[in-house]
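Data block for target16.tsv (TSV, C-alpha atoms):
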chain	number	residue	atom	x	y	z
A	1443	MET	CA	31.15	-12.93	-51.28
A	1444	GLU	CA	34.71	-13.64	-50.24
A	1445	ARG	CA	36.11	-17.08	-49.47
A	1446	GLN	CA	39.12	-17.87	-47.34
A	1447	HIS	CA	40.66	-21.10	-46.17
A	1448	ASP	CA	41.12	-21.93	-42.52
A	1449	ASP	CA	44.06	-23.93	-41.19
A	1450	ALA	CA	42.33	-27.19	-42.13
A	1451	GLY	CA	41.89	-26.03	-45.74
A	1452	ILE	CA	38.11	-25.74	-45.45
A	1453	ASN	CA	36.34	-22.93	-47.28
A	1454	VAL	CA	34.77	-20.39	-44.92
A	1455	HIS	CA	32.62	-17.38	-45.70
A	1456	VAL	CA	34.00	-13.96	-44.85
A	1457	ALA	CA	31.54	-11.10	-44.50
A	1458	GLU	CA	31.79	-8.49	-47.23
A	1459	PRO	CA	32.49	-4.93	-46.09
A	1460	MET	CA	29.43	-2.70	-46.23
A	1461	PRO	CA	29.48	-0.57	-49.40
A	1462	GLY	CA	29.00	3.18	-49.69
A	1463	TYR	CA	26.32	5.10	-51.52
A	1464	ALA	CA	28.57	5.45	-54.57
A	1465	ASP	CA	29.06	1.68	-54.71
A	1466	LEU	CA	25.34	1.07	-54.41
A	1467	ILE	CA	24.40	3.56	-57.13
A	1468	GLY	CA	27.23	2.67	-59.53
A	1469	GLN	CA	27.16	-1.11	-59.19
A	1470	GLY	CA	23.39	-1.20	-58.77
A	1471	TYR	CA	22.79	0.72	-61.99
A	1472	ALA	CA	25.23	-1.46	-63.92
A	1473	THR	CA	23.80	-4.69	-62.49
A	1474	LEU	CA	20.20	-3.69	-63.19
A	1475	LEU	CA	21.06	-2.60	-66.73
A	1476	ASN	CA	22.90	-5.84	-67.50
A	1477	ALA	CA	20.10	-7.92	-65.98
A	1478	PHE	CA	17.56	-6.06	-68.10
A	1479	ARG	CA	19.58	-6.63	-71.27
A	1480	ASP	CA	19.93	-10.33	-70.50
A	1481	CYS	CA	16.20	-10.67	-69.91
A	1482	GLY	CA	15.27	-10.96	-73.58
A	1483	GLY	CA	12.30	-13.23	-72.98
A	1484	CYS	CA	10.87	-11.27	-70.05
A	1485	GLY	CA	7.15	-10.64	-70.19
A	1486	PHE	CA	3.82	-11.72	-68.80
A	1487	GLU	CA	4.10	-15.34	-69.90
A	1488	LEU	CA	7.56	-15.80	-68.41
A	1489	SER	CA	6.48	-14.07	-65.20
A	1490	LYS	CA	3.45	-16.35	-64.94
A	1491	LYS	CA	5.59	-19.42	-65.52
A	1492	THR	CA	8.18	-18.25	-62.96
A	1493	LEU	CA	5.47	-17.55	-60.41
A	1494	LEU	CA	3.91	-21.00	-60.81
A	1495	GLU	CA	7.27	-22.78	-60.70
A	1496	ASN	CA	8.81	-20.93	-57.75
A	1497	ALA	CA	6.06	-19.60	-55.49
A	1498	CYS	CA	5.35	-21.95	-52.63
A	1499	ILE	CA	2.51	-21.11	-50.25
A	1500	SER	CA	-0.43	-23.22	-49.11
A	1501	TRP	CA	-4.08	-22.32	-48.64
A	1502	ALA	CA	-3.71	-23.31	-44.99
A	1503	GLU	CA	-1.03	-20.63	-44.57
A	1504	VAL	CA	-3.26	-18.06	-46.30
A	1505	GLY	CA	-6.14	-18.99	-44.01
A	1506	LEU	CA	-3.94	-18.72	-40.93
A	1507	PHE	CA	-2.79	-15.29	-42.09
A	1508	ALA	CA	-6.37	-14.08	-42.52
A	1509	LEU	CA	-7.38	-15.49	-39.14
A	1510	CYS	CA	-4.49	-13.73	-37.39
A	1511	ALA	CA	-5.26	-10.45	-39.20
A	1512	VAL	CA	-8.81	-10.56	-37.83
A	1513	GLY	CA	-7.37	-11.52	-34.45
A	1514	TRP	CA	-5.17	-8.40	-34.36
A	1515	THR	CA	-8.21	-6.24	-35.09
A	1516	ILE	CA	-10.24	-7.85	-32.31
A	1517	LEU	CA	-7.33	-7.65	-29.87
A	1518	ARG	CA	-6.77	-3.97	-30.63
A	1519	GLN	CA	-10.46	-3.20	-30.16
A	1520	ALA	CA	-10.52	-5.06	-26.85
A	1521	LEU	CA	-7.38	-3.36	-25.53
A	1522	THR	CA	-8.67	0.03	-26.67
A	1523	CYS	CA	-12.02	-0.36	-24.91
A	1524	TRP	CA	-10.87	-2.14	-21.76
A	1525	VAL	CA	-7.32	-0.85	-21.19
A	1526	PHE	CA	-6.20	2.20	-23.17
A	1527	GLU	CA	-9.35	4.32	-23.01
A	1528	PRO	CA	-10.05	3.65	-19.31
A	1529	PHE	CA	-6.42	4.47	-18.52
A	1530	GLY	CA	-6.69	7.74	-20.47
A	1531	GLN	CA	-9.87	8.56	-18.61
A	1532	TRP	CA	-8.20	7.76	-15.27
A	1533	CYS	CA	-5.29	10.08	-16.19
A	1534	HIS	CA	-7.75	12.85	-17.20
A	1535	LEU	CA	-6.21	13.38	-20.63
A	1536	GLN	CA	-7.47	16.20	-22.78
A	1537	PRO	CA	-10.22	14.99	-25.16
A	1538	ARG	CA	-8.11	15.31	-28.32
A	1539	ASP	CA	-5.17	13.51	-26.70
A	1540	ALA	CA	-7.43	10.83	-25.25
A	1541	ALA	CA	-8.81	10.14	-28.74
A	1542	LYS	CA	-5.33	9.57	-30.21
A	1543	MET	CA	-3.58	7.85	-27.31
A	1544	PRO	CA	-5.07	4.34	-27.80
A	1545	GLU	CA	-3.79	4.15	-31.39
A	1546	SER	CA	-0.24	5.05	-30.39
A	1547	SER	CA	-0.32	2.76	-27.34
A	1548	TRP	CA	-1.41	-0.18	-29.48
A	1549	LYS	CA	1.29	0.40	-32.08
A	1550	LEU	CA	3.94	0.95	-29.39
A	1551	LEU	CA	3.03	-2.38	-27.80
A	1552	PHE	CA	3.08	-4.33	-31.06
A	1553	TYR	CA	6.24	-2.84	-32.55
A	1554	SER	CA	8.14	-3.24	-29.28
A	1555	LEU	CA	7.34	-6.95	-29.23
A	1556	SER	CA	7.93	-7.52	-32.95
A	1557	TRP	CA	11.23	-5.63	-33.03
A	1558	SER	CA	12.43	-7.47	-29.94
A	1559	TYR	CA	11.74	-10.76	-31.70
A	1560	SER	CA	13.51	-9.64	-34.90
A	1561	SER	CA	16.49	-8.53	-32.79
A	1562	TYR	CA	16.54	-11.93	-31.12
A	1563	LEU	CA	16.61	-13.68	-34.50
A	1564	LEU	CA	19.43	-11.52	-35.87
A	1565	PHE	CA	21.69	-11.29	-32.83
A	1566	CYS	CA	20.91	-14.22	-30.55
A	1567	THR	CA	20.73	-17.07	-33.05
A	1568	ARG	CA	22.91	-18.54	-35.79
A	1569	TYR	CA	21.70	-16.07	-38.45
A	1570	THR	CA	24.26	-13.58	-39.82
A	1571	PHE	CA	21.99	-11.51	-42.09
A	1572	PHE	CA	22.74	-8.22	-40.33
A	1573	GLN	CA	26.52	-8.60	-40.21
A	1574	ASP	CA	26.68	-10.13	-43.70
A	1575	PRO	CA	23.48	-9.36	-45.72
A	1576	PRO	CA	24.63	-11.29	-48.84
A	1577	SER	CA	24.56	-14.43	-46.69
A	1578	ALA	CA	20.76	-14.19	-46.83
A	1579	PHE	CA	20.99	-15.71	-50.32
A	1580	TYR	CA	23.56	-18.41	-49.60
A	1581	ASP	CA	22.19	-21.91	-50.23
A	1582	TRP	CA	18.92	-20.54	-51.60
A	1583	LYS	CA	16.77	-23.22	-53.23
A	1584	ARG	CA	13.35	-23.18	-54.81
A	1585	GLY	CA	10.70	-24.32	-52.32
A	1586	MET	CA	13.21	-24.68	-49.47
A	1587	SER	CA	11.71	-25.05	-46.00
A	1588	VAL	CA	11.33	-21.92	-43.89
A	1589	PRO	CA	12.77	-22.23	-40.36
A	1590	THR	CA	10.00	-22.20	-37.78
A	1591	ASP	CA	11.34	-19.17	-35.91
A	1592	ILE	CA	11.39	-17.09	-39.11
A	1593	ALA	CA	7.99	-18.44	-40.19
A	1594	VAL	CA	6.55	-17.19	-36.88
A	1595	ALA	CA	8.00	-13.74	-37.51
A	1596	TYR	CA	6.45	-13.70	-40.99
A	1597	LEU	CA	3.05	-14.77	-39.69
A	1598	ILE	CA	3.09	-12.07	-37.00
A	1599	GLN	CA	4.23	-9.29	-39.31
A	1600	GLY	CA	2.21	-10.29	-42.37
A	1601	SER	CA	-1.07	-10.60	-40.49
A	1602	PHE	CA	-0.41	-7.33	-38.66
A	1603	TYR	CA	0.04	-5.42	-41.92
A	1604	GLY	CA	-3.10	-7.04	-43.24
A	1605	HIS	CA	-4.86	-5.68	-40.17
A	1606	SER	CA	-3.12	-2.31	-40.57
A	1607	ILE	CA	-4.59	-1.71	-44.04
A	1608	TYR	CA	-8.07	-1.92	-42.52
A	1609	ALA	CA	-7.04	-0.02	-39.39
A	1610	THR	CA	-5.54	2.92	-41.29
A	1611	VAL	CA	-8.81	3.52	-43.13
A	1612	TYR	CA	-11.37	2.72	-40.42
A	1613	MET	CA	-9.66	2.89	-37.00
A	1614	ASP	CA	-6.69	5.30	-37.04
A	1615	THR	CA	-6.75	9.09	-36.96
A	1616	TRP	CA	-6.77	10.35	-40.55
A	1617	ARG	CA	-3.60	12.27	-41.37
A	1618	LYS	CA	-2.08	14.07	-44.33
A	1619	ASP	CA	-0.05	11.00	-45.26
A	1620	SER	CA	-2.72	8.36	-44.60
A	1621	VAL	CA	-3.05	7.55	-48.31
A	1622	VAL	CA	0.72	7.05	-48.51
A	1623	MET	CA	0.48	4.92	-45.36
A	1624	VAL	CA	-2.08	2.63	-47.02
A	1625	VAL	CA	0.22	2.29	-50.05
A	1626	HIS	CA	3.10	1.54	-47.68
A	1627	HIS	CA	1.12	-1.21	-45.96
A	1628	LEU	CA	0.13	-2.72	-49.32
A	1629	ILE	CA	3.75	-2.73	-50.54
A	1630	THR	CA	4.98	-4.16	-47.23
A	1631	LEU	CA	2.33	-6.87	-47.28
A	1632	ALA	CA	3.25	-7.73	-50.88
A	1633	LEU	CA	6.92	-7.94	-49.93
A	1634	ILE	CA	6.15	-10.16	-46.95
A	1635	ALA	CA	3.84	-12.47	-48.90
A	1636	PHE	CA	6.01	-12.82	-52.02
A	1637	SER	CA	9.32	-13.05	-50.14
A	1638	TYR	CA	7.83	-15.87	-48.09
A	1639	ALA	CA	6.44	-17.64	-51.17
A	1640	PHE	CA	9.75	-17.30	-53.06
A	1641	ARG	CA	11.79	-18.16	-49.95
A	1642	TYR	CA	13.53	-14.80	-49.61
A	1643	HIS	CA	12.61	-14.86	-45.93
A	1644	ASN	CA	16.17	-14.33	-44.73
A	1645	ILE	CA	16.50	-10.84	-46.16
A	1646	GLY	CA	12.90	-10.16	-45.11
A	1647	VAL	CA	13.81	-10.50	-41.43
A	1648	LEU	CA	16.47	-7.82	-41.89
A	1649	VAL	CA	13.98	-5.49	-43.62
A	1650	LEU	CA	11.54	-5.84	-40.71
A	1651	PHE	CA	14.25	-5.24	-38.13
A	1652	LEU	CA	15.45	-2.04	-39.82
A	1653	HIS	CA	11.93	-0.55	-39.95
A	1654	ASP	CA	10.24	-1.47	-36.68
A	1655	ILE	CA	12.66	0.43	-34.43
A	1656	ASN	CA	11.51	3.79	-35.82
A	1657	ASP	CA	7.85	2.96	-35.21
A	1658	ILE	CA	8.67	2.25	-31.56
A	1659	GLN	CA	10.34	5.63	-31.14
A	1660	LEU	CA	7.58	7.46	-33.01
A	1661	GLU	CA	4.74	6.01	-30.96
A	1662	PHE	CA	6.66	6.35	-27.68
A	1663	THR	CA	7.24	10.03	-28.44
A	1664	LYS	CA	3.58	10.59	-29.33
A	1665	VAL	CA	2.35	8.87	-26.15
A	1666	ASN	CA	4.48	11.24	-24.08
A	1667	VAL	CA	3.11	14.19	-26.05
A	1668	TYR	CA	-0.43	13.10	-25.16
A	1669	PHE	CA	0.45	12.70	-21.46
A	1670	LYS	CA	2.30	15.97	-20.90
A	1671	ASN	CA	-0.97	17.86	-20.29
A	1672	ARG	CA	-3.25	15.75	-18.14
A	1673	GLY	CA	-5.54	16.51	-15.23
A	1674	GLY	CA	-5.22	20.20	-16.00
A	1675	VAL	CA	-1.49	20.08	-15.08
A	1676	TYR	CA	1.58	20.45	-17.31
A	1677	HIS	CA	4.10	17.62	-16.75
A	1678	ILE	CA	7.62	18.66	-17.72
A	1679	PHE	CA	8.97	15.08	-17.53
A	1680	ASN	CA	6.78	13.91	-20.41
A	1681	ASP	CA	7.67	17.05	-22.37
A	1682	ILE	CA	11.40	16.40	-21.95
A	1683	VAL	CA	11.00	12.71	-22.85
A	1684	SER	CA	8.98	13.57	-25.96
A	1685	THR	CA	11.61	16.08	-27.07
A	1686	MET	CA	14.42	13.56	-26.55
A	1687	GLY	CA	12.36	10.92	-28.33
A	1688	CYS	CA	11.90	13.23	-31.30
A	1689	VAL	CA	15.66	13.78	-31.55
A	1690	THR	CA	16.53	10.08	-31.35
A	1691	PHE	CA	13.71	9.25	-33.77
A	1692	SER	CA	15.06	11.69	-36.37
A	1693	ILE	CA	18.59	10.31	-36.08
A	1694	SER	CA	17.58	6.65	-36.10
A	1695	TRP	CA	15.24	7.16	-39.06
A	1696	TYR	CA	18.17	8.24	-41.19
A	1697	TRP	CA	20.52	5.62	-39.76
A	1698	PHE	CA	18.23	2.62	-40.04
A	1699	ARG	CA	16.07	3.44	-43.10
A	1700	LEU	CA	18.27	5.69	-45.22
A	1701	TYR	CA	21.73	4.36	-44.39
A	1702	TRP	CA	21.58	0.71	-43.31
A	1703	PHE	CA	18.50	-0.21	-45.34
A	1704	PRO	CA	19.82	0.79	-48.80
A	1705	LEU	CA	23.44	-0.18	-48.13
A	1706	LYS	CA	22.62	-3.52	-46.55
A	1707	VAL	CA	19.31	-4.63	-48.04
A	1708	LEU	CA	19.24	-2.97	-51.48
A	1709	TYR	CA	22.88	-3.83	-52.14
A	1710	ALA	CA	22.24	-7.48	-51.20
A	1711	THR	CA	19.02	-7.83	-53.24
A	1712	CYS	CA	20.15	-5.82	-56.25
A	1713	ILE	CA	23.79	-6.89	-56.60
A	1714	SER	CA	24.79	-9.77	-54.32
A	1715	SER	CA	21.70	-11.87	-55.02
A	1716	LEU	CA	22.60	-12.23	-58.71
A	1717	HIS	CA	26.17	-13.21	-57.85
A	1718	THR	CA	24.90	-15.96	-55.56
A	1719	VAL	CA	21.80	-17.05	-57.51
A	1720	PRO	CA	22.03	-16.21	-61.23
A	1721	ASN	CA	18.59	-15.65	-62.79
A	1722	ILE	CA	17.03	-15.37	-59.35
A	1723	PRO	CA	13.21	-15.39	-59.72
A	1724	PHE	CA	11.26	-12.10	-59.76
A	1725	TYR	CA	14.47	-10.10	-59.40
A	1726	PHE	CA	13.00	-6.88	-60.86
A	1727	PHE	CA	9.71	-7.20	-58.99
A	1728	PHE	CA	11.28	-7.41	-55.53
A	1729	ASN	CA	13.82	-4.70	-56.16
A	1730	ALA	CA	11.11	-2.40	-57.51
A	1731	LEU	CA	9.09	-2.85	-54.31
A	1732	LEU	CA	12.15	-2.27	-52.13
A	1733	LEU	CA	13.01	0.85	-54.12
A	1734	ALA	CA	9.43	2.11	-53.66
A	1735	LEU	CA	9.82	1.49	-49.93
A	1736	THR	CA	13.02	3.53	-49.97
A	1737	LEU	CA	11.29	6.40	-51.75
A	1738	MET	CA	8.54	6.41	-49.12
A	1739	ASN	CA	11.17	6.46	-46.38
A	1740	ILE	CA	12.63	9.55	-48.05
A	1741	TYR	CA	9.13	11.06	-48.30
A	1742	TRP	CA	8.55	10.65	-44.56
A	1743	PHE	CA	12.05	11.94	-43.82
A	1744	LEU	CA	10.97	15.18	-45.47
A	1745	TYR	CA	8.25	15.45	-42.81
A	1746	ILE	CA	10.96	15.04	-40.18
A	1747	LEU	CA	13.02	17.81	-41.79
A	1748	LEU	CA	9.88	19.98	-41.94
A	1749	PHE	CA	9.36	19.48	-38.23
A	1750	VAL	CA	12.99	20.37	-37.45
A	1751	ALA	CA	12.75	23.47	-39.65
A	1752	LYS	CA	9.59	24.63	-37.85
A	1753	VAL	CA	11.27	24.18	-34.48
A	1754	LEU	CA	14.44	26.04	-35.54
A	1755	THR	CA	12.48	28.94	-37.06
A	1756	GLY	CA	10.18	29.25	-34.05
A	1757	GLN	CA	7.03	28.23	-35.95
A	1758	MET	CA	6.54	25.35	-33.50
A	1759	THR	CA	7.22	25.66	-29.79
A	1760	GLU	CA	6.36	22.10	-28.78
A	1761	VAL	CA	6.53	18.59	-30.20
A	1762	ASN	CA	3.50	17.78	-32.36
A	1763	ASP	CA	2.84	15.48	-35.30
A	1764	VAL	CA	3.11	17.69	-38.40
A	1765	ARG	CA	1.11	15.07	-40.35
A	1766	ASP	CA	-2.04	15.78	-38.33
A	1767	TYR	CA	-4.72	18.09	-39.63
A	1768	ASP	CA	-5.09	21.30	-37.65
A	1769	VAL	CA	-8.57	21.75	-36.21
A	1770	GLU	CA	-8.83	24.66	-33.83
A	1771	ASP	CA	-11.00	24.08	-30.78
A	1772	SER	CA	-13.00	27.21	-31.51
A	1773	LYS	CA	-13.77	25.95	-35.00
A	1774	LYS	CA	-14.57	22.35	-34.23
A	1775	PRO	CA	-17.30	20.80	-36.35
A	1776	ALA	CA	-20.42	19.97	-34.37
A	1777	LEU	CA	-19.75	16.28	-34.89
A	1778	LEU	CA	-16.27	16.61	-33.37
A	1779	GLN	CA	-17.68	18.42	-30.37
A	1780	ARG	CA	-20.22	15.63	-29.95
A	1781	ARG	CA	-17.47	13.01	-29.94
A	1782	ASP	CA	-15.43	14.87	-27.32
A	1783	SER	CA	-18.45	14.96	-25.03
A	1784	LEU	CA	-19.14	11.22	-25.33
A	1785	PRO	CA	-18.00	8.76	-22.64
A	1786	TYR	CA	-14.92	6.67	-23.37
A	1787	CYS	CA	-16.35	3.20	-23.87
A	1788	ASN	CA	-18.92	3.85	-26.56
A	1789	SER	CA	-19.82	1.03	-28.87
A	1790	TRP	CA	-17.30	0.39	-31.64
A	1791	LYS	CA	-19.92	1.07	-34.32
A	1792	GLN	CA	-20.80	4.45	-32.82
A	1793	ARG	CA	-17.18	5.55	-32.66
A	1794	LYS	CA	-16.60	4.42	-36.26
A	1795	HIS	CA	-19.47	6.58	-37.53
A	1796	LEU	CA	-18.13	9.57	-35.65
A	1797	LYS	CA	-14.60	9.07	-36.92
A	1798	ASN	CA	-15.76	8.76	-40.50
A	1799	GLY	CA	-17.67	12.00	-40.08
A	1800	ILE	CA	-14.59	13.73	-38.72
A	1801	VAL	CA	-12.52	12.54	-41.66
A	1802	LYS	CA	-15.01	14.03	-44.08
A	1803	ASP	CA	-14.98	17.33	-42.25
A	1804	LYS	CA	-11.19	17.47	-42.52
A	1805	HIS	CA	-11.32	17.27	-46.29
A	1806	THR	CA	-13.98	19.93	-46.78
Rewritten as structure tokens:
Amino acid sequence: MERQHDDAGINVHVAEPMPGYADLIGQGYATLLNAFRDCGGCGFELSKKTLLENACISWAEVGLFALCAVGWTILRQALTCWVFEPFGQWCHLQPRDAAKMPESSWKLLFYSLSWSYSSYLLFCTRYTFFQDPPSAFYDWKRGMSVPTDIAVAYLIQGSFYGHSIYATVYMDTWRKDSVVMVVHHLITLALIAFSYAFRYHNIGVLVLFLHDINDIQLEFTKVNVYFKNRGGVYHIFNDIVSTMGCVTFSISWYWFRLYWFPLKVLYATCISSLHTVPNIPFYFFFNALLLALTLMNIYWFLYILLFVAKVLTGQMTEVNDVRDYDVEDSKKPALLQRRDSLPYCNSWKQRKHLKNGIVKDKHT
């Protein structure tokens, strides 16, 4: 943090320049090592004491979170049955595309709204967390009040990830990285819950902003993939849009999650936070979770590189999700064929049994 004086002699904050990877690695390693050496009394008892003294969350807030998580699940089921599936049927999508389209449409709708709200908070209000990430820790106090606009963002995002843990296992198409996705949702939910309880909500808004944009592009691209062959006709517009979406998604994934995220968020939480708040509570815990999130971002970026490599080497001639399991139509399990022949608005319980059966077949 830099301080300068204006003409009236008043101290003003000046945003620090964004560091490079070398600064993050070098200073981060030194800061973590020094913090570890200074933490002579660290252990379970100290962690328990720190948690009880600093965590601030009420049972009413927990109940509201759980209620909203159930609400997201009900809303998704209603939109799937009454909007997404009928629309897919009206467009005469192929059975496999029609089965996946509602999931992507739901996620596209949510992430578009949530990212728009995060963008509003960061660029249309008084907050300067994007331009100056260390400012997220200025004036931090134990048990400080959370601004209502940020509390709303936390409720929306936290309850959605609570819903997403259930949805990944029981509602979404099972993919090669679904286990990693569940771990991702658990880590994200832990970060949201603990950052709210410890009042690190300012930096949390920046984390959400930097991640949601990629989910919008991913689901938008997938929706166009599902719609490029409909009604027995190939639609070049959707093919072109999906290809362009794949390119922008690949670029933005690196820019937002592998460039801005570590250099803005990790630098602020690992280095700047200790300069502003010495002995900041649960310092190692939060940075460990953020580092795990970074590693998962790198893991998924490898899937993106795999896709690009397949396109460049001619192994893939059209945009498809390389995380999906390959099930040839001629080798479909009987249960999968049964599902494709069922009408769109089956009961939720019936579709769940079929999906679970399909998942088992994929692992045999």
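Residue nearest Asn1739 in chain A, chosen from A:Met1623, A:Cys1523, A:Ala1595, A:Leu1493 and counting only C-alpha atoms: A:Met1623.
Nearest residue to Ala1477 in chain A among A:Ala1502, A:Ala1540, A:Cys1712, A:Ile1655 is A:Cys1712, counting all atoms listed in the file.
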### Query
Between A:Leu1748, A:Leu1733, A:Ile1678, A:Ala1508, which has the minimum distance to Gly1600 in chain A (counting all atoms listed in the file)?
A:Ala1508
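If you count only C-alpha atoms and ignore residues fewer than 2 places along the chain from Leu1631 in chain A, what sits within 10 Å of it is Gln1599, Gly1600, Ser1601, Phe1602, Tyr1603, Gly1604, Ser1606, Ile1607, Val1625, His1626, His1627, Leu1628, Ile1629, Leu1633, Ile1634, Ala1635, Phe1636 and Ser1637 of chain A.
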Once you have the residues from the selection above, write them out as a short mmCIF file (atom, residue, chain, number, x, y, z; two decimals), in the coordinates of the input, restricted to C-alpha atoms.
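Listed below is the output, part15.cif:
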data_model
loop_
_atom_site.label_atom_id
_atom_site.label_comp_id
_atom_site.auth_asym_id
_atom_site.auth_seq_id
_atom_site.Cartn_x
_atom_site.Cartn_y
_atom_site.Cartn_z
CA GLN A 1599 4.23 -9.29 -39.31
CA GLY A 1600 2.21 -10.29 -42.37
CA SER A 1601 -1.07 -10.60 -40.49
CA PHE A 1602 -0.41 -7.33 -38.66
CA TYR A 1603 0.04 -5.42 -41.92
CA GLY A 1604 -3.10 -7.04 -43.24
CA SER A 1606 -3.12 -2.31 -40.57
CA ILE A 1607 -4.59 -1.71 -44.04
CA VAL A 1625 0.22 2.29 -50.05
CA HIS A 1626 3.10 1.54 -47.68
CA HIS A 1627 1.12 -1.21 -45.96
CA LEU A 1628 0.13 -2.72 -49.32
CA ILE A 1629 3.75 -2.73 -50.54
CA LEU A 1633 6.92 -7.94 -49.93
CA ILE A 1634 6.15 -10.16 -46.95
CA ALA A 1635 3.84 -12.47 -48.90
CA PHE A 1636 6.01 -12.82 -52.02
CA SER A 1637 9.32 -13.05 -50.14
#
### Message
Calculated over all atoms listed in the file, which of the candidates A:Ile1499, A:Leu1506, A:Leu1660, A:Met1543 has the smallest distance to Val1594 in chain A?
### Response
A:Leu1506
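Closest approach to Phe1743 in chain A among A:Trp1557, A:Phe1703, A:Tyr1463, A:Tyr1696: A:Tyr1696, based on all atoms listed in the file.
We find CA of Val1647 in chain A and CA of Gly1513 in chain A to be spaced 22.3 Å apart.
Between CA of Glu1527 in chain A and CA of Val1675 in chain A there is a distance of 19.3 Å.
You can rank A:Phe1679, A:Trp1702, A:Trp1695, A:Tyr1642 by their closest distance to Asn1656 in chain A using all atoms listed in the file, and at the top of that list sits A:Trp1695.
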### Message
Set the distance at 8 Å and use only C-alpha atoms: which residues neighbour range 1735-1738 of chain A once local chain neighbours fewer than 3 positions away are removed? I'd like the list as a PyMOL selection string.
### Response
chain A and resi 1622+1626+1629-1630+1699-1700+1704+1731-1732+1741-1742
### Query
Do you know which residues are at most 6 Å from range 1661-1674 of chain A counting all atoms listed in the file, after dropping those on the same chain fewer than 5 positions away, and could you put them as a PyMOL selection string?
chain A and resi 1534-1535+1539+1546+1550+1680-1681+1684+1687
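CA of Ala1593 in chain A is found 17.5 Å from CA of Phe1552 in chain A.
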Return the padded bounding box of range 1700-1713 of chain A as lines of an AutoDock Vina configuration file: axis-aligned, built from all atoms listed in the file, 4 Å added on each side, with centre and edge lengths in Å to one decimal.
center_x = 21.0
center_y = -1.1
center_z = -50.0
size_x = 13.5
size_y = 21.5
size_z = 21.3
#### Entry: Residues near Tyr1709 in chain A, cut-off 9 Å, all atoms listed in the file, skip fewer than 3 positions along chain, as number ranges by chain
A: 1460-1461, 1465-1466, 1469-1470, 1575-1576, 1703-1706, 1712-1715
### Message
Taking (15.5, -7.4, -32.0) as a centre in this file's frame and 12 Å as the limit, can you find every polymer residue with an atom that close, using all atoms listed in the file, and give them as a ChimeraX atom specification?
### Response
/A:1553-1567,1572,1595,1647-1655,1658
